[in-house]
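Chemist: query25.cif is reproduced below (mmCIF, C-alpha atoms and all ligand atoms).
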```cif
data_target
#
loop_
_atom_site.label_atom_id
_atom_site.label_comp_id
_atom_site.auth_asym_id
_atom_site.auth_seq_id
_atom_site.Cartn_x
_atom_site.Cartn_y
_atom_site.Cartn_z
CA MET B 685 0.00 0.00 0.00
CA ARG B 686 1.02 3.59 -0.50
CA ILE B 687 -0.05 6.87 1.01
CA SER B 688 -0.41 10.08 -0.96
CA LYS B 689 1.02 13.49 -0.27
CA ASP B 690 -2.56 14.83 -0.17
CA GLN B 691 -3.50 12.48 2.67
CA ILE B 692 -0.51 13.75 4.64
CA GLN B 693 -1.21 17.40 3.82
CA ASP B 694 -4.82 17.14 5.00
CA ILE B 695 -3.70 16.03 8.43
CA ASN B 696 -0.76 18.49 8.49
CA ASN B 697 -3.20 21.33 7.87
CA GLN B 698 -4.95 20.63 11.17
CA GLU B 699 -1.64 21.13 13.00
CA LEU B 700 -0.27 23.94 10.88
CA SER B 701 -0.94 27.02 12.99
CA SER B 702 0.34 25.37 16.16
CA HIS B 703 3.49 24.21 14.32
CA GLU B 704 4.08 27.65 12.86
CA ASN B 705 3.90 29.21 16.31
CA ASP B 706 6.42 26.71 17.70
CA PHE B 707 8.77 26.96 14.72
CA GLY B 708 8.56 30.78 14.61
CA ARG B 709 9.59 31.00 18.26
CA LEU B 710 12.48 28.56 17.81
CA LYS B 711 13.65 30.26 14.62
CA ASP B 712 13.79 33.65 16.40
CA GLN B 713 15.69 32.09 19.27
CA LEU B 714 18.22 30.47 16.90
CA ASN B 715 18.53 33.57 14.71
CA ASN B 716 19.37 35.59 17.81
CA LYS B 717 22.29 33.23 18.38
CA GLY B 718 23.47 33.76 14.79
CA ILE B 719 22.50 30.25 13.63
CA GLN B 720 21.69 29.79 9.93
CA VAL B 721 18.37 27.97 10.20
CA ASP B 722 17.97 27.39 6.46
CA THR B 723 21.30 25.52 6.22
CA ILE B 724 20.32 23.30 9.13
CA LEU B 725 16.90 22.55 7.59
CA GLU B 726 18.62 21.47 4.39
CA ARG B 727 21.04 19.20 6.23
CA LEU B 728 18.20 17.62 8.18
CA ALA B 729 16.23 17.04 4.98
CA ASN B 730 19.21 15.31 3.35
CA PHE B 731 19.93 12.98 6.27
CA GLN B 732 18.76 9.44 5.50
CA VAL B 733 18.86 6.49 7.88
CA ALA B 734 18.63 2.99 6.43
CA ILE B 735 15.96 0.64 7.71
CA PRO B 736 17.13 -3.01 7.91
CA SER B 737 14.95 -5.34 5.90
CA TRP B 738 14.17 -7.49 8.95
CA ALA B 739 12.98 -4.61 11.15
CA LEU B 740 9.48 -4.30 9.67
CA GLY B 741 8.31 -7.45 11.44
CA THR B 742 7.91 -8.13 15.13
CA GLY B 743 11.15 -9.25 16.72
CA ALA B 744 11.57 -11.76 19.46
CA THR B 745 13.51 -12.54 22.56
CA ARG B 746 14.83 -16.03 23.17
CA PHE B 747 11.65 -16.66 25.18
CA GLY B 748 8.99 -15.94 22.63
CA ARG B 749 7.60 -13.92 19.78
CA PHE B 750 4.29 -12.09 19.73
CA PRO B 751 3.50 -11.07 16.15
CA GLY B 752 1.35 -8.01 15.58
CA GLY B 753 -0.41 -8.66 12.27
CA GLY B 754 -0.03 -7.24 8.78
CA GLU B 755 3.70 -7.97 8.69
CA PRO B 756 5.41 -7.81 5.30
CA ALA B 757 5.73 -11.32 3.87
CA SER B 758 8.08 -10.49 1.01
CA LEU B 759 10.99 -8.21 0.23
CA HIS B 760 8.72 -6.05 -1.91
CA GLN B 761 6.23 -5.63 0.94
CA LYS B 762 9.13 -4.62 3.19
CA ILE B 763 10.19 -1.99 0.68
CA GLU B 764 6.59 -0.77 0.53
CA ASP B 765 6.56 -0.39 4.32
CA ILE B 766 9.78 1.63 4.18
CA GLY B 767 8.11 3.69 1.45
CA ILE B 768 5.34 4.54 3.93
CA LEU B 769 7.89 5.48 6.59
CA HIS B 770 9.83 7.63 4.14
CA ALA B 771 6.67 9.38 2.91
CA LEU B 772 5.84 10.21 6.52
CA ASN B 773 9.25 11.25 7.86
CA ASN B 774 11.40 12.03 4.77
CA SER B 775 14.39 10.43 6.55
CA SER B 776 13.99 6.71 5.86
CA GLY B 777 15.07 6.72 2.22
CA ALA B 778 17.31 3.64 2.38
CA ILE B 779 17.06 -0.09 3.03
CA SER B 780 19.77 -2.41 4.28
CA LEU B 781 19.28 -6.02 3.15
CA HIS B 782 20.13 -9.06 5.24
CA ILE B 783 21.06 -12.13 3.24
CA PRO B 784 19.77 -14.86 3.15
CA TRP B 785 16.64 -13.49 4.88
CA ASP B 786 15.91 -11.22 1.93
CA ILE B 787 17.42 -12.52 -1.27
CA PRO B 788 16.44 -10.30 -4.22
CA SER B 789 15.23 -12.94 -6.68
CA ASP B 790 14.34 -10.33 -9.30
CA PRO B 791 16.79 -7.44 -8.77
CA LYS B 792 15.44 -5.38 -11.66
CA SER B 793 11.89 -5.17 -10.32
CA THR B 794 13.21 -4.69 -6.77
CA ARG B 795 15.31 -1.74 -7.94
CA GLU B 796 12.37 -0.26 -9.81
CA LEU B 797 10.06 -0.54 -6.81
CA ALA B 798 12.63 1.08 -4.51
CA ALA B 799 13.34 3.87 -7.02
CA SER B 800 9.62 4.61 -7.33
CA LEU B 801 9.55 5.19 -3.55
CA ASN B 802 12.83 7.16 -3.55
CA ILE B 803 14.60 4.45 -1.53
CA LYS B 804 18.27 3.59 -1.98
CA PHE B 805 20.08 0.34 -1.18
CA ASP B 806 22.45 0.84 1.70
CA ALA B 807 25.03 -1.68 2.96
CA VAL B 808 24.17 -5.37 2.50
CA ASN B 809 24.63 -7.67 5.49
CA SER B 810 25.94 -11.21 5.46
CA ASN B 811 24.81 -13.81 7.97
CA THR B 812 27.12 -16.55 9.18
CA PHE B 813 25.62 -16.63 12.68
CA GLN B 814 22.93 -19.15 11.72
CA ASP B 815 23.03 -22.40 9.79
CA GLN B 816 20.94 -22.40 6.63
CA PRO B 817 18.83 -25.49 5.83
CA ASP B 818 20.80 -26.28 2.65
CA ALA B 819 24.25 -25.59 4.12
CA LYS B 820 26.92 -28.26 3.88
CA HIS B 821 28.78 -27.14 7.01
CA SER B 822 27.67 -25.79 10.40
CA TYR B 823 28.81 -22.52 11.93
CA LYS B 824 28.37 -23.89 15.45
CA PHE B 825 32.08 -23.34 16.16
CA GLY B 826 32.60 -20.27 14.01
CA SER B 827 32.57 -19.13 10.40
CA LEU B 828 35.35 -16.87 9.09
CA SER B 829 37.49 -17.85 12.10
CA HIS B 830 36.75 -21.58 12.05
CA VAL B 831 39.64 -24.01 12.53
CA ASN B 832 38.43 -25.98 9.46
CA LYS B 833 39.44 -24.42 6.14
CA GLU B 834 36.40 -25.82 4.31
CA ILE B 835 34.02 -24.15 6.73
CA ARG B 836 35.88 -20.85 6.37
CA ALA B 837 35.61 -21.26 2.60
CA GLN B 838 31.83 -21.70 2.84
CA ALA B 839 31.54 -18.50 4.90
CA ILE B 840 33.83 -16.60 2.51
CA ALA B 841 31.75 -17.75 -0.47
CA HIS B 842 28.58 -16.58 1.28
CA ASN B 843 30.03 -13.10 1.80
CA LYS B 844 31.09 -12.91 -1.86
CA GLU B 845 27.57 -13.94 -2.87
CA VAL B 846 26.14 -11.15 -0.69
CA ILE B 847 28.41 -8.65 -2.48
CA ASN B 848 27.03 -9.93 -5.79
CA TYR B 849 23.42 -9.42 -4.62
CA GLY B 850 24.34 -5.94 -3.47
CA LYS B 851 25.95 -5.12 -6.82
CA ALA B 852 22.77 -6.16 -8.62
CA LEU B 853 20.79 -3.67 -6.50
CA GLY B 854 23.20 -0.74 -6.58
CA SER B 855 24.50 -1.05 -3.01
CA ASP B 856 28.11 -0.09 -2.29
CA ALA B 857 29.04 -1.69 1.02
CA LEU B 858 29.12 -5.03 2.81
CA THR B 859 28.64 -5.19 6.56
CA VAL B 860 30.27 -8.13 8.33
CA TRP B 861 29.23 -8.94 11.85
CA LEU B 862 30.64 -12.16 13.23
CA ALA B 863 29.15 -14.25 16.01
CA ASP B 864 32.49 -16.10 16.06
CA GLY B 865 34.26 -16.51 19.35
CA THR B 866 34.50 -18.84 22.31
CA THR B 867 32.32 -19.46 25.33
CA PHE B 868 34.82 -21.27 27.52
CA PRO B 869 38.46 -20.61 28.36
CA GLY B 870 40.79 -22.85 26.43
CA GLN B 871 38.24 -23.49 23.69
CA ALA B 872 40.46 -21.99 21.00
CA ASN B 873 43.69 -20.11 20.42
CA PHE B 874 43.17 -16.33 20.33
CA ARG B 875 45.90 -15.67 17.73
CA GLN B 876 44.58 -18.41 15.48
CA ILE B 877 41.04 -16.99 15.67
CA PHE B 878 42.36 -13.54 14.72
CA GLN B 879 44.57 -14.82 11.90
CA ASN B 880 41.84 -17.00 10.40
CA THR B 881 39.36 -14.12 10.59
CA LEU B 882 41.80 -11.71 8.96
CA SER B 883 42.79 -14.05 6.13
CA SER B 884 39.11 -14.87 5.42
CA LEU B 885 38.31 -11.15 5.32
CA GLU B 886 41.25 -10.62 2.94
CA GLU B 887 39.63 -13.03 0.49
CA ILE B 888 36.29 -11.23 0.80
CA TYR B 889 38.05 -7.86 0.43
CA SER B 890 39.61 -9.02 -2.84
CA HIS B 891 36.09 -9.57 -4.21
CA LEU B 892 34.94 -5.99 -3.41
CA PRO B 893 34.31 -3.70 -6.38
CA ASP B 894 36.57 -0.63 -6.49
CA ASP B 895 33.92 1.76 -5.20
CA TRP B 896 32.75 -0.54 -2.39
CA LYS B 897 33.57 -0.67 1.30
CA VAL B 898 33.53 -3.49 3.80
CA LEU B 899 32.33 -2.45 7.25
CA ILE B 900 33.72 -4.43 10.17
CA GLU B 901 31.30 -4.56 13.10
CA TYR B 902 32.46 -5.47 16.60
CA LYS B 903 30.75 -6.75 19.74
CA PRO B 904 32.21 -7.55 23.19
CA PHE B 905 30.11 -10.61 24.01
CA GLU B 906 27.06 -12.60 22.91
CA PRO B 907 26.37 -15.10 21.47
CA ASN B 908 29.77 -16.17 22.76
CA PHE B 909 30.44 -15.33 26.38
CA TYR B 910 34.18 -15.77 26.89
CA SER B 911 35.69 -14.14 23.81
CA MET B 912 34.55 -12.73 20.49
CA ALA B 913 36.64 -12.80 17.32
CA ILE B 914 36.18 -9.02 16.87
CA PRO B 915 35.26 -7.80 20.36
CA ASP B 916 36.01 -4.08 20.24
CA TRP B 917 36.84 -1.04 18.13
CA GLY B 918 40.57 -1.62 18.55
CA THR B 919 40.36 -5.06 16.96
CA SER B 920 37.98 -3.75 14.29
CA HIS B 921 40.44 -0.94 13.53
CA LEU B 922 43.35 -3.37 13.44
CA VAL B 923 41.51 -5.60 10.97
CA ALA B 924 40.31 -2.66 8.86
CA SER B 925 43.83 -1.18 8.76
CA GLN B 926 45.38 -4.47 7.67
CA LEU B 927 42.76 -4.97 4.95
CA GLY B 928 43.20 -1.57 3.31
CA ASP B 929 41.42 1.66 2.48
CA LYS B 930 38.13 0.03 1.45
CA ALA B 931 37.75 -1.47 4.94
CA ARG B 932 36.20 0.61 7.71
CA CYS B 933 34.93 0.11 11.26
CA LEU B 934 31.26 -0.05 12.16
CA VAL B 935 30.02 1.24 15.51
CA ASP B 936 26.81 -0.29 16.86
CA LEU B 937 25.61 1.59 19.94
CA GLY B 938 24.55 -1.61 21.71
CA HIS B 939 27.86 -3.38 21.13
CA HIS B 940 29.75 -1.87 24.04
CA LEU B 941 30.19 -2.75 27.68
CA PRO B 942 28.18 -0.54 30.06
CA ASN B 943 29.37 3.08 30.35
CA THR B 944 31.85 2.87 27.47
CA ASN B 945 32.60 6.34 26.11
CA ILE B 946 31.25 5.75 22.59
CA GLU B 947 31.58 9.41 21.57
CA GLN B 948 35.33 9.21 22.12
CA ILE B 949 35.54 6.09 19.94
CA VAL B 950 33.61 7.91 17.21
CA SER B 951 35.92 10.90 17.40
CA ILE B 952 39.14 8.87 17.11
CA LEU B 953 37.85 6.59 14.34
CA MET B 954 36.82 9.64 12.30
CA MET B 955 40.21 11.24 12.87
CA GLN B 956 41.66 8.08 11.29
CA GLY B 957 39.15 8.17 8.41
CA LYS B 958 37.97 4.73 9.53
CA LEU B 959 34.37 5.21 10.66
CA GLY B 960 32.39 3.57 7.85
CA GLY B 961 29.10 2.57 9.40
CA PHE B 962 26.86 3.32 12.33
CA HIS B 963 24.06 1.25 13.88
CA PHE B 964 21.54 3.04 16.08
CA ASN B 965 19.65 1.54 19.01
CA ASP B 966 19.52 2.06 22.75
CA SER B 967 20.12 -0.09 25.77
CA LYS B 968 19.88 -0.20 29.53
CA TYR B 969 22.10 -3.23 30.15
CA ALA B 970 23.81 -4.60 27.03
CA ASP B 971 22.70 -5.27 23.46
CA ASP B 972 19.04 -4.62 24.30
CA ASP B 973 18.11 -3.33 20.83
CA LEU B 974 15.69 -0.79 22.28
CA THR B 975 14.22 2.23 20.50
CA VAL B 976 16.90 4.86 19.76
CA GLY B 977 16.96 7.60 22.40
CA SER B 978 14.55 5.78 24.73
CA ILE B 979 17.06 5.29 27.56
CA LYS B 980 20.08 7.57 27.07
CA PRO B 981 19.19 10.57 24.89
CA TYR B 982 22.05 12.71 26.28
CA GLN B 983 24.59 10.09 25.24
CA LEU B 984 23.03 10.07 21.76
CA PHE B 985 23.44 13.85 21.59
CA LEU B 986 27.09 13.66 22.73
CA ILE B 987 27.75 11.04 20.03
CA PHE B 988 26.11 13.19 17.38
CA ASN B 989 28.16 16.11 18.58
CA GLU B 990 31.30 14.11 17.67
CA LEU B 991 29.80 12.85 14.41
CA VAL B 992 28.95 16.39 13.28
CA ASP B 993 32.34 17.67 14.40
CA GLY B 994 34.06 14.77 12.60
CA MET B 995 32.08 15.31 9.40
CA ALA B 996 33.10 19.00 9.43
CA ASN B 997 36.70 18.69 10.55
CA THR B 998 38.07 15.33 9.36
CA SER B 999 38.35 13.67 5.96
CA ASN B 1000 36.13 10.77 7.11
CA SER B 1001 33.37 10.36 4.51
CA GLU B 1002 29.78 10.21 5.78
CA PRO B 1003 29.16 6.84 7.44
CA ALA B 1004 26.37 4.47 6.38
CA TRP B 1005 23.59 5.01 8.95
CA MET B 1006 21.27 2.17 9.94
CA ILE B 1007 18.78 1.48 12.70
CA ASP B 1008 19.61 -1.84 14.33
CA ALA B 1009 16.87 -2.40 16.87
CA SER B 1010 14.33 -5.09 17.52
CA HIS B 1011 10.66 -4.29 17.93
CA ASN B 1012 9.08 -6.78 20.27
CA LEU B 1013 6.29 -4.84 21.97
CA LYS B 1014 5.41 -1.91 19.73
CA ASP B 1015 4.18 -1.75 16.16
CA PRO B 1016 7.54 -1.94 14.30
CA MET B 1017 6.57 0.99 12.07
CA GLU B 1018 5.81 3.22 15.06
CA ASP B 1019 8.98 2.11 16.81
CA LEU B 1020 11.04 2.95 13.72
CA MET B 1021 9.42 6.38 13.49
CA GLN B 1022 10.31 7.03 17.14
CA SER B 1023 13.89 5.91 16.46
CA VAL B 1024 14.27 8.14 13.41
CA GLU B 1025 12.79 11.08 15.32
CA ALA B 1026 15.30 10.58 18.16
CA ILE B 1027 18.15 10.49 15.64
CA MET B 1028 16.96 13.65 13.90
CA ILE B 1029 16.57 15.51 17.20
CA ALA B 1030 20.11 14.57 18.30
CA TYR B 1031 21.46 15.52 14.87
CA ALA B 1032 19.62 18.88 14.90
CA GLN B 1033 20.93 19.63 18.39
CA ALA B 1034 24.48 18.83 17.34
CA LEU B 1035 24.05 21.15 14.34
CA ILE B 1036 22.95 24.13 16.48
CA LEU B 1037 25.78 23.77 19.01
CA ASP B 1038 28.02 26.85 19.13
CA ARG B 1039 31.23 25.05 18.19
CA LYS B 1040 33.39 28.19 18.19
CA ALA B 1041 32.37 28.98 21.75
CA LEU B 1042 33.00 25.35 22.77
CA THR B 1043 36.48 25.39 21.25
CA ALA B 1044 37.25 28.67 23.01
CA ALA B 1045 36.05 27.23 26.33
CA GLN B 1046 38.25 24.18 25.78
CA LEU B 1047 41.30 26.32 25.01
CA ASN B 1048 40.66 28.33 28.18
CA ASN B 1049 40.10 25.21 30.26
CA ASP B 1050 36.71 26.69 31.13
CA VAL B 1051 35.11 23.42 32.13
CA THR B 1052 31.94 25.05 33.46
CA LEU B 1053 31.27 26.96 30.25
CA ALA B 1054 31.91 23.87 28.10
CA GLN B 1055 29.30 21.98 30.08
CA GLU B 1056 26.87 24.93 29.93
CA LEU B 1057 27.19 25.07 26.14
CA LEU B 1058 26.54 21.35 25.69
CA GLN B 1059 23.65 21.21 28.12
CA ASP B 1060 22.03 24.41 26.90
CA THR B 1061 22.00 22.89 23.43
CA PHE B 1062 20.72 19.52 24.64
CA ARG B 1063 17.91 21.25 26.55
CA THR B 1064 16.78 23.22 23.49
CA ASP B 1065 13.55 21.79 22.14
CA VAL B 1066 14.34 21.38 18.43
CA ARG B 1067 11.33 19.25 17.53
CA ALA B 1068 9.75 22.10 15.54
CA LEU B 1069 12.96 22.39 13.50
CA VAL B 1070 12.86 18.70 12.60
CA ALA B 1071 9.12 18.96 11.82
CA GLU B 1072 9.74 21.98 9.59
CA SER B 1073 12.33 20.05 7.55
CA ARG B 1074 9.70 17.35 7.01
CA LYS B 1075 7.00 19.86 6.12
CA MET B 1076 9.27 21.49 3.51
CA ASN B 1077 9.46 18.08 1.81
CA ASN B 1078 5.72 17.34 1.99
CA ALA B 1079 6.18 14.80 4.77
CA ALA B 1080 4.22 14.66 8.02
CA LEU B 1081 4.55 17.26 10.77
CA ASN B 1082 3.86 14.41 13.19
CA PRO B 1083 4.56 11.05 11.47
CA ILE B 1084 3.11 8.79 14.18
CA GLN B 1085 -0.07 10.82 14.41
CA VAL B 1086 -0.58 10.67 10.63
CA TYR B 1087 0.18 6.92 10.67
CA ARG B 1088 -2.50 6.45 13.33
CA ASP B 1089 -5.05 8.84 11.77
CA LEU B 1090 -4.75 7.03 8.44
CA LYS B 1091 -5.14 3.68 10.25
CA ILE B 1092 -2.23 2.24 8.30
CA ARG B 1093 -1.68 -0.85 10.45
CA ALA B 1094 -5.37 -1.80 10.10
CA ALA B 1095 -5.08 -1.37 6.33
CA LEU B 1096 -1.95 -3.55 6.26
CA ILE B 1097 -3.71 -6.27 8.26
CA LYS B 1098 -6.65 -6.09 5.87
CA GLU B 1099 -4.28 -6.41 2.89
CA ARG B 1100 -1.91 -9.07 4.27
CA GLY B 1101 -3.85 -10.79 7.03
CA ASN B 1102 -3.02 -11.37 10.65
CA ASN B 1103 -0.71 -14.30 10.24
CA THR B 1104 2.03 -13.18 7.88
CA VAL B 1105 5.48 -13.68 9.35
CA SER B 1106 8.33 -11.48 8.32
CA THR B 1107 11.70 -13.15 7.76
CA GLY B 1108 14.38 -12.12 10.19
CA LEU B 1109 15.10 -12.57 13.86
MN MN B 1201 24.54 -3.93 14.39
#
```
Take the structure I supplied and represent it as structure tokens, if you would.
Modeler:
Amino acid sequence: MRISKDQIQDINNQELSSHENDFGRLKDQLNNKGIQVDTILERLANFQVAIPSWALGTGATRFGRFPGGGEPASLHQKIEDIGILHALNNSSGAISLHIPWDIPSDPKSTRELAASLNIKFDAVNSNTFQDQPDAKHSYKFGSLSHVNKEIRAQAIAHNKEVINYGKALGSDALTVWLADGTTFPGQANFRQIFQNTLSSLEEIYSHLPDDWKVLIEYKPFEPNFYSMAIPDWGTSHLVASQLGDKARCLVDLGHHLPNTNIEQIVSILMMQGKLGGFHFNDSKYADDDLTVGSIKPYQLFLIFNELVDGMANTSNSEPAWMIDASHNLKDPMEDLMQSVEAIMIAYAQALILDRKALTAAQLNNDVTLAQELLQDTFRTDVRALVAESRKMNNAALNPIQVYRDLKIRAALIKERGNNTVSTGL
């Protein structure tokens, strides 16, 4: 199903005068600080966050899954759902495919459908953390790091196949996240795990087209609980450096031990030109995959502060942005809209920060002023700014409200039924 610009405009019109009051006030406030509001609106409008192909269905914990109805049953239905999101929020103009959950069997028609909805193909993701029904070998004891060369070869071939699918769709990056590691001390030799992983990645790297990147994701624990093959940004950076310029690190917010200073990692990776991808989610304890900004919005702002600073002051090209969260309780579409909104708010706040004043405070060791500048920015309600950037592009002033007013979930259930199950987690 699709929604029209007219449907969105009709609902926007009911909110228009209230929005214009809010935006007018904020614009005056920002103008008084010498901030170029038009430039910021343009940057917000251009910012696109990829939706992973598996995120449109209800996720699950290891204890159970409670599907919500009307889930997309095919890749094309998933793209249609992202089309609805993008029409509503103007910031979801990309999809990130997970293979083999979403194999594009007819790339031409898939490309045409996505183009008609103004959706691009972001990084493609390989999956060697599950065994596939037709697989010759099991990944129970690892994939790219496995002690058995034949099993490594199967995992390497899978990654090359994923690159080929991505090429057919116009993607330009491969994301590799490995579940490889050990759960008990003594299970394997750390150096051997690293060397096998690196040499497997070298083979995959040699299959990358010239204008492609491979993004190396890291995670400290889970599913393995003693060691992971690529546990942290240092190992990811080591691997990416050894592979070459087309290899970059990928930061996933949930893939850090509690209280890790992620903004510092972002800053240093960008200084090195090595931050290639970014996965958004939020967490209270570990890799909880919660809605972006639902637990630690100030941390999200501090991270965006470094991302914006890095994009302005380093040669690091813009990372591939993706939401990597699981939607177990809420309607996945509503959850994704909340996540995108949180991202846009943090981005807008980072854009309005007075960076000159912050630099001056840092050079004067004025710790109090530095904190005042950051917190004053974080406490500025920029929601009207984000809404205005949507309005300028005929998207919804309030995406969730329009989604609910148009009764989109009910229409999807009517179209697809209550029992469709989306491929994915
Ligand atoms: Mn991730």
Chemist: Per residue of chain B within 7 Å of ligand MN 1201 (chain B), record the nearest atom pair and its distance in Å to one decimal, counting only C-alpha atoms and all ligand atoms, with rows in chain order and ascending residue number, as a Markdown table.
Modeler:
```
| residue | atom | partner | partner_atom | distance |
| --- | --- | --- | --- | --- |
| B:Glu901 | CA | B:MN1201 | MN | 6.9 |
| B:Asp936 | CA | B:MN1201 | MN | 5.0 |
| B:His963 | CA | B:MN1201 | MN | 5.2 |
| B:Asp1008 | CA | B:MN1201 | MN | 5.4 |
```
Chemist: So, with all atoms listed in the file as the atoms that count, which of B:Ile763, B:Ser967, B:Met955, B:Asn715 lies closest to Asn943 in chain B?
Modeler: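 Ranking B:Ile763, B:Ser967, B:Met955, B:Asn715 by distance to Asn943 in chain B, first place goes to B:Ser967.
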Chemist: Is it possible to get the residues within 6 Å of (35.6, -8.4, 15.4) (coordinates as in the file, counting all atoms listed in the file) written as a count of residues only?
Modeler: 5
Chemist: Can you work out which one of B:Gln956, B:Leu772, B:Ile888, B:Asn880 has the shortest atom-to-atom distance to Asp690 in chain B, counting only C-alpha atoms?
Modeler: B:Leu772
Chemist: What lies within 7 Å of Val721 in chain B using all atoms listed in the file, ignoring chain neighbours under 3 positions off, as an MDAnalysis selection string?
Modeler: chainID B and resid 711 724:725
Chemist: Find the distance between CA of Leu769 in chain B and CA of Leu991 in chain B and write it in Å to one decimal.
Modeler: 24.4 Å
Chemist: I'd like the neighbourhood of Val846 in chain B as a list of chain:residue names, where a residue qualifies if any of its atoms comes within 9 Å (using all atoms listed in the file), though same-chain residues fewer than 6 positions away should be ignored.
Modeler: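 The contact residues come out as B:His782, B:Ile783, B:Pro784, B:Ile787, B:Val808, B:Asn809, B:Ser810, B:Leu858.
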Chemist: Around all the atoms of range 709-720 of chain B listed in the file, draw an axis-aligned box and extend it by 6 Å on each of the six sides; I want its centre and edge lengths in Å to one decimal, as AutoDock Vina command-line options.
Modeler:
```
--center_x 16.5 --center_y 32.1 --center_z 14.6 --size_x 25.9 --size_y 19.0 --size_z 21.3
```
Chemist: Counting all atoms listed in the file, figure out which residue out of B:Asn705, B:Gln1059, B:Gln720, B:Gln926 gets nearest to Leu1035 in chain B.
Modeler: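 Distance minimum relative to Leu1035 in chain B lands on B:Gln720.
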Chemist: Quote the spacing between CA of Ala734 in chain B and CA of Gly854 in chain B in Å to one decimal place.
Modeler: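 If I compute the distance from CA of Ala734 in chain B to CA of Gly854 in chain B, I get 14.3 Å.
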